[in-house]
Structure formats: C-alpha cells, structure tokens
Amino acid sequence: MASGDTWRADYLVQEDYWMAMAALTAKRSRDPKTQVGALIVNQKNDIVAIGYNQMPKGCDDYVMPWKREGKDKWDTKYPYVCSAAAAAIMNTNGAVLKGCNIYVTLFPDNESAKLIIQAGITKVVYLSDQYRDMEMMAASKKFLEVAGIEFRQFQPREPTITIDLAVNN
Ligand SMILES: O=c1ccn([C@H]2C[C@H](O)[C@@H](COP(=O)(O)O)O2)c(=O)[nH]1
C-alpha cells in the first residue's frame, strides 16, 4: 500500500471529540459569566442529546436576569437558569437515557446531579471542577457516589488537543 493510502493516525479520538463538542455547545449559552455545555452518548456511542445553560424555553433572555448578585436571589439568574445537564436531559427527542454517559464542561451541581441520577445516566465525565470548594458540589459528589454513578475528570487522550474551557470568561 502506498503511503497516504492508509488511515489518518492523528484523527480526533471519540472522547476528545465529545468533550470538544460539549465545549462548542457551551458557546451557545447567553450566560455572561459561565457557559456550560453537555453532551449525552448512549452505549452504542451515538450522541443522543446536547444542551447548554439557558433560560427555560420561551423565557426571553432580555427579560430574565443574568446577574450573579441582586437585591435578593430572585433578582439573579440562579432560580431560573436551566443547567446544561438539565437542558440536555430534556432535549433527547425521545432517546432513552438509561445507561448513557454525559460529557459536561463543568462538574454538575447538586440539582444537575439529581437529574442525571433520575435519568439513569451511569457515567459523568467533566472538564472543569472550578466550584469544587462549594458545598453543593460536595453534596453532588456524595450522592453521585451513593447512586453508584462513575464520575471522573476528562483527560484528553491526545495530549496536544486544546479545548477552550469556555467557562469563567
Ligand atoms: O452543574 C451546573 C452548574 C451550573 N450551571 C450553569 C448555571 C449558570 O448559568 C452557570 C454558573 O454561573 P456562575 O456565574 O459561574 O455561578 O452555570 C450548569 O450549567 N451546570
């Protein structure tokens, strides 16, 4: 076989591709501070859902608050925004999530972790753990463990791959 007739050795491996897709999806978010992307794959390695942190459908981004601080918590984004994991879980077009894996650019908070568990997702691969010191993240790790869900930080198999973390701009 002549050189050049064989397959490309430096193709993007599957997991690097999925996390890169999650990072790209995060760029759809209108959150001015932290953009998060999530991608769900089934046991056959098909992508079945994607999502990013967003206001609920139909809730105008220009009306909803995107602030981190306000006169009270209801004046901030936190009670309203759907996490990337929540958006992906609700965006399956009917796919069954039991036994799926989720690739997410930010370690899921406790609300996202609840949904991940309830959806039957069995593995979480995350890019950033920037809020690891917050209590809700400790809670999240605790009940992911209790529920028997594997979670680990993403390690690119291709050391030269650079994924724009797309968080904390
Ligand atoms: O598991 C998570 C946790 C948070 N998010 C979203 C919710 C918000 O839009 C941002 C966090 O905003 P900060 O200003 O960094 O507090 O991220 C998520 O999608 N998934």
# chains A, B, ... in the order shown; residues from 1 in each chain; ligands from 1
>>> residues_near_ligand(ligand="ligand 1", cutoff="7 Å", atoms="only C-alpha atoms and all ligand atoms", output="ChimeraX atom specification")
/A:31,33-37,52-54,68,77-78,81-85,106-109,112,168
>>> residues_around(residues="A:Met137", least_positions_apart="5", cutoff="10 Å", atoms="only C-alpha atoms", output="list of chain:residue names")
A:Phe107, A:Pro108, A:Asp109, A:Asn110, A:Glu111, A:Ala113, A:Asp129, A:Gln130, A:Tyr131, A:Arg132, A:Lys142, A:Phe143
>>> residues_around(residues="A:Phe154", least_positions_apart="4", cutoff="10 Å", atoms="only C-alpha atoms", output="JSON, numbers by chain")
{"A": [15, 16, 19, 103, 104, 105, 124, 125, 126, 127, 128]}
>>> write_last_selection(atoms="C-alpha atoms", output="CSV table (one decimal), in the first residue's frame")
chain,number,residue,atom,x,y,z
A,15,GLU,CA,-13.9,11.1,23.9
A,16,ASP,CA,-11.9,14.1,22.9
A,19,MET,CA,-15.8,16.9,25.1
A,103,TYR,CA,-19.8,14.8,28.9
A,104,VAL,CA,-20.1,18.1,30.6
A,105,THR,CA,-17.8,21.1,30.7
A,124,VAL,CA,-20.2,11.6,34.2
A,125,VAL,CA,-17.1,13.0,32.5
A,126,TYR,CA,-16.4,16.6,33.3
A,127,LEU,CA,-13.9,19.2,32.2
A,128,SER,CA,-13.7,21.8,34.9
>>> select_by_dssp(residues="stretch 23-142 of chain A", states="alpha helix (DSSP H)", output="PyMOL selection string")
chain A and resi 23-26+84-89+110-119+135-142
>>> select_by_dssp(residues="chain A", states="strand (DSSP E or B)", output="ChimeraX atom specification")
/A:37-41,47-52,54,82,101-106,123-128,150-153
>>> write_last_selection(atoms="N, CA and C atoms", output="PDB file, in the first residue's frame")
ATOM      1  N   GLY A  37     -21.541  23.403  28.558  1.00  0.00           N
ATOM      2  CA  GLY A  37     -22.126  22.530  27.535  1.00  0.00           C
ATOM      3  C   GLY A  37     -22.172  21.101  28.035  1.00  0.00           C
ATOM      4  N   ALA A  38     -23.161  20.355  27.545  1.00  0.00           N
ATOM      5  CA  ALA A  38     -23.286  18.949  27.927  1.00  0.00           C
ATOM      6  C   ALA A  38     -23.683  18.137  26.707  1.00  0.00           C
ATOM      7  N   LEU A  39     -23.180  16.926  26.647  1.00  0.00           N
ATOM      8  CA  LEU A  39     -23.476  16.031  25.531  1.00  0.00           C
ATOM      9  C   LEU A  39     -23.679  14.631  26.108  1.00  0.00           C
ATOM     10  N   ILE A  40     -24.732  13.961  25.652  1.00  0.00           N
ATOM     11  CA  ILE A  40     -25.047  12.629  26.177  1.00  0.00           C
ATOM     12  C   ILE A  40     -24.862  11.603  25.059  1.00  0.00           C
ATOM     13  N   VAL A  41     -24.160  10.527  25.383  1.00  0.00           N
ATOM     14  CA  VAL A  41     -23.958   9.446  24.399  1.00  0.00           C
ATOM     15  C   VAL A  41     -24.504   8.141  24.964  1.00  0.00           C
ATOM     16  N   ILE A  47     -24.444   9.984  19.766  1.00  0.00           N
ATOM     17  CA  ILE A  47     -24.809  11.194  20.504  1.00  0.00           C
ATOM     18  C   ILE A  47     -26.333  11.277  20.514  1.00  0.00           C
ATOM     19  N   VAL A  48     -26.918  11.349  21.710  1.00  0.00           N
ATOM     20  CA  VAL A  48     -28.391  11.369  21.769  1.00  0.00           C
ATOM     21  C   VAL A  48     -28.942  12.701  22.252  1.00  0.00           C
ATOM     22  N   ALA A  49     -28.116  13.535  22.861  1.00  0.00           N
ATOM     23  CA  ALA A  49     -28.648  14.821  23.341  1.00  0.00           C
ATOM     24  C   ALA A  49     -27.509  15.793  23.582  1.00  0.00           C
ATOM     25  N   ILE A  50     -27.806  17.055  23.391  1.00  0.00           N
ATOM     26  CA  ILE A  50     -26.857  18.110  23.746  1.00  0.00           C
ATOM     27  C   ILE A  50     -27.631  19.234  24.442  1.00  0.00           C
ATOM     28  N   GLY A  51     -26.928  20.018  25.226  1.00  0.00           N
ATOM     29  CA  GLY A  51     -27.579  21.146  25.886  1.00  0.00           C
ATOM     30  C   GLY A  51     -26.553  22.120  26.432  1.00  0.00           C
ATOM     31  N   TYR A  52     -27.017  23.291  26.723  1.00  0.00           N
ATOM     32  CA  TYR A  52     -26.164  24.314  27.331  1.00  0.00           C
ATOM     33  C   TYR A  52     -27.005  25.080  28.333  1.00  0.00           C
ATOM     34  N   GLN A  54     -29.151  27.645  29.903  1.00  0.00           N
ATOM     35  CA  GLN A  54     -30.033  28.591  29.224  1.00  0.00           C
ATOM     36  C   GLN A  54     -31.272  28.861  30.088  1.00  0.00           C
ATOM     37  N   CYS A  82     -31.629  26.988  33.463  1.00  0.00           N
ATOM     38  CA  CYS A  82     -31.533  25.523  33.364  1.00  0.00           C
ATOM     39  C   CYS A  82     -30.066  25.186  33.154  1.00  0.00           C
ATOM     40  N   ASN A 101     -23.865   7.955  28.981  1.00  0.00           N
ATOM     41  CA  ASN A 101     -22.802   8.742  29.619  1.00  0.00           C
ATOM     42  C   ASN A 101     -23.001  10.209  29.268  1.00  0.00           C
ATOM     43  N   ILE A 102     -22.642  11.074  30.210  1.00  0.00           N
ATOM     44  CA  ILE A 102     -22.747  12.512  29.931  1.00  0.00           C
ATOM     45  C   ILE A 102     -21.360  13.145  29.984  1.00  0.00           C
ATOM     46  N   TYR A 103     -21.082  13.969  28.996  1.00  0.00           N
ATOM     47  CA  TYR A 103     -19.842  14.755  28.926  1.00  0.00           C
ATOM     48  C   TYR A 103     -20.234  16.200  29.164  1.00  0.00           C
ATOM     49  N   VAL A 104     -19.677  16.804  30.180  1.00  0.00           N
ATOM     50  CA  VAL A 104     -20.129  18.133  30.577  1.00  0.00           C
ATOM     51  C   VAL A 104     -18.911  18.993  30.914  1.00  0.00           C
ATOM     52  N   THR A 105     -18.965  20.266  30.531  1.00  0.00           N
ATOM     53  CA  THR A 105     -17.769  21.094  30.683  1.00  0.00           C
ATOM     54  C   THR A 105     -17.573  21.601  32.109  1.00  0.00           C
ATOM     55  N   LEU A 106     -18.590  21.436  32.954  1.00  0.00           N
ATOM     56  CA  LEU A 106     -18.473  21.870  34.357  1.00  0.00           C
ATOM     57  C   LEU A 106     -19.038  20.756  35.235  1.00  0.00           C
ATOM     58  N   LYS A 123     -22.532   7.393  33.807  1.00  0.00           N
ATOM     59  CA  LYS A 123     -21.160   7.927  33.912  1.00  0.00           C
ATOM     60  C   LYS A 123     -21.152   9.414  33.590  1.00  0.00           C
ATOM     61  N   VAL A 124     -20.374  10.168  34.378  1.00  0.00           N
ATOM     62  CA  VAL A 124     -20.219  11.607  34.169  1.00  0.00           C
ATOM     63  C   VAL A 124     -18.736  11.879  33.921  1.00  0.00           C
ATOM     64  N   VAL A 125     -18.441  12.506  32.796  1.00  0.00           N
ATOM     65  CA  VAL A 125     -17.070  12.953  32.520  1.00  0.00           C
ATOM     66  C   VAL A 125     -17.129  14.477  32.448  1.00  0.00           C
ATOM     67  N   TYR A 126     -16.332  15.138  33.268  1.00  0.00           N
ATOM     68  CA  TYR A 126     -16.420  16.597  33.333  1.00  0.00           C
ATOM     69  C   TYR A 126     -15.067  17.210  33.023  1.00  0.00           C
ATOM     70  N   LEU A 127     -15.142  18.460  32.549  1.00  0.00           N
ATOM     71  CA  LEU A 127     -13.907  19.153  32.155  1.00  0.00           C
ATOM     72  C   LEU A 127     -13.379  19.987  33.319  1.00  0.00           C
ATOM     73  N   SER A 128     -14.199  20.880  33.806  1.00  0.00           N
ATOM     74  CA  SER A 128     -13.748  21.792  34.863  1.00  0.00           C
ATOM     75  C   SER A 128     -14.425  21.424  36.178  1.00  0.00           C
ATOM     76  N   GLU A 150     -20.390   6.525  38.087  1.00  0.00           N
ATOM     77  CA  GLU A 150     -18.960   6.781  37.902  1.00  0.00           C
ATOM     78  C   GLU A 150     -18.783   8.242  37.480  1.00  0.00           C
ATOM     79  N   PHE A 151     -17.823   8.929  38.073  1.00  0.00           N
ATOM     80  CA  PHE A 151     -17.517  10.264  37.573  1.00  0.00           C
ATOM     81  C   PHE A 151     -16.011  10.476  37.613  1.00  0.00           C
ATOM     82  N   ARG A 152     -15.539  11.152  36.596  1.00  0.00           N
ATOM     83  CA  ARG A 152     -14.095  11.420  36.529  1.00  0.00           C
ATOM     84  C   ARG A 152     -13.867  12.658  35.674  1.00  0.00           C
ATOM     85  N   GLN A 153     -12.713  13.272  35.937  1.00  0.00           N
ATOM     86  CA  GLN A 153     -12.346  14.459  35.147  1.00  0.00           C
ATOM     87  C   GLN A 153     -11.821  14.004  33.790  1.00  0.00           C
TER      88      GLN A 153
END
>>> closest_residue(among="A:Leu115, A:Pro32, A:Asp46, A:Ala95", to="A:Gln14", atoms="only C-alpha atoms")
A:Asp46
>>> closest_residue(among="A:Ile89, A:Val146, A:Met136, A:Val13", to="A:Ile121", atoms="only C-alpha atoms")
A:Ile89
>>> closest_residue(among="A:Met134, A:Val96, A:Ala147, A:Met90", to="A:Ile117", atoms="only C-alpha atoms")
A:Ala147
>>> decode(residues="stretch 110-122 of chain A", atoms="C-alpha atoms", output="compact mmCIF listing (two decimals), in the first residue's frame")
# COMPACT_ATOMS: atom_id res chain seq x y z
CA ASN A 110 -26.50 19.11 43.09
CA GLU A 111 -29.59 19.97 41.03
CA SER A 112 -27.99 18.66 37.84
CA ALA A 113 -26.72 15.58 39.66
CA LYS A 114 -30.26 14.76 40.80
CA LEU A 115 -31.48 14.84 37.23
CA ILE A 116 -28.53 12.79 35.99
CA ILE A 117 -29.29 10.13 38.59
CA GLN A 118 -33.02 10.13 37.90
CA ALA A 119 -32.43 9.87 34.15
CA GLY A 120 -30.45 6.65 34.66
CA ILE A 121 -27.19 8.07 33.32
CA THR A 122 -24.33 5.91 34.58
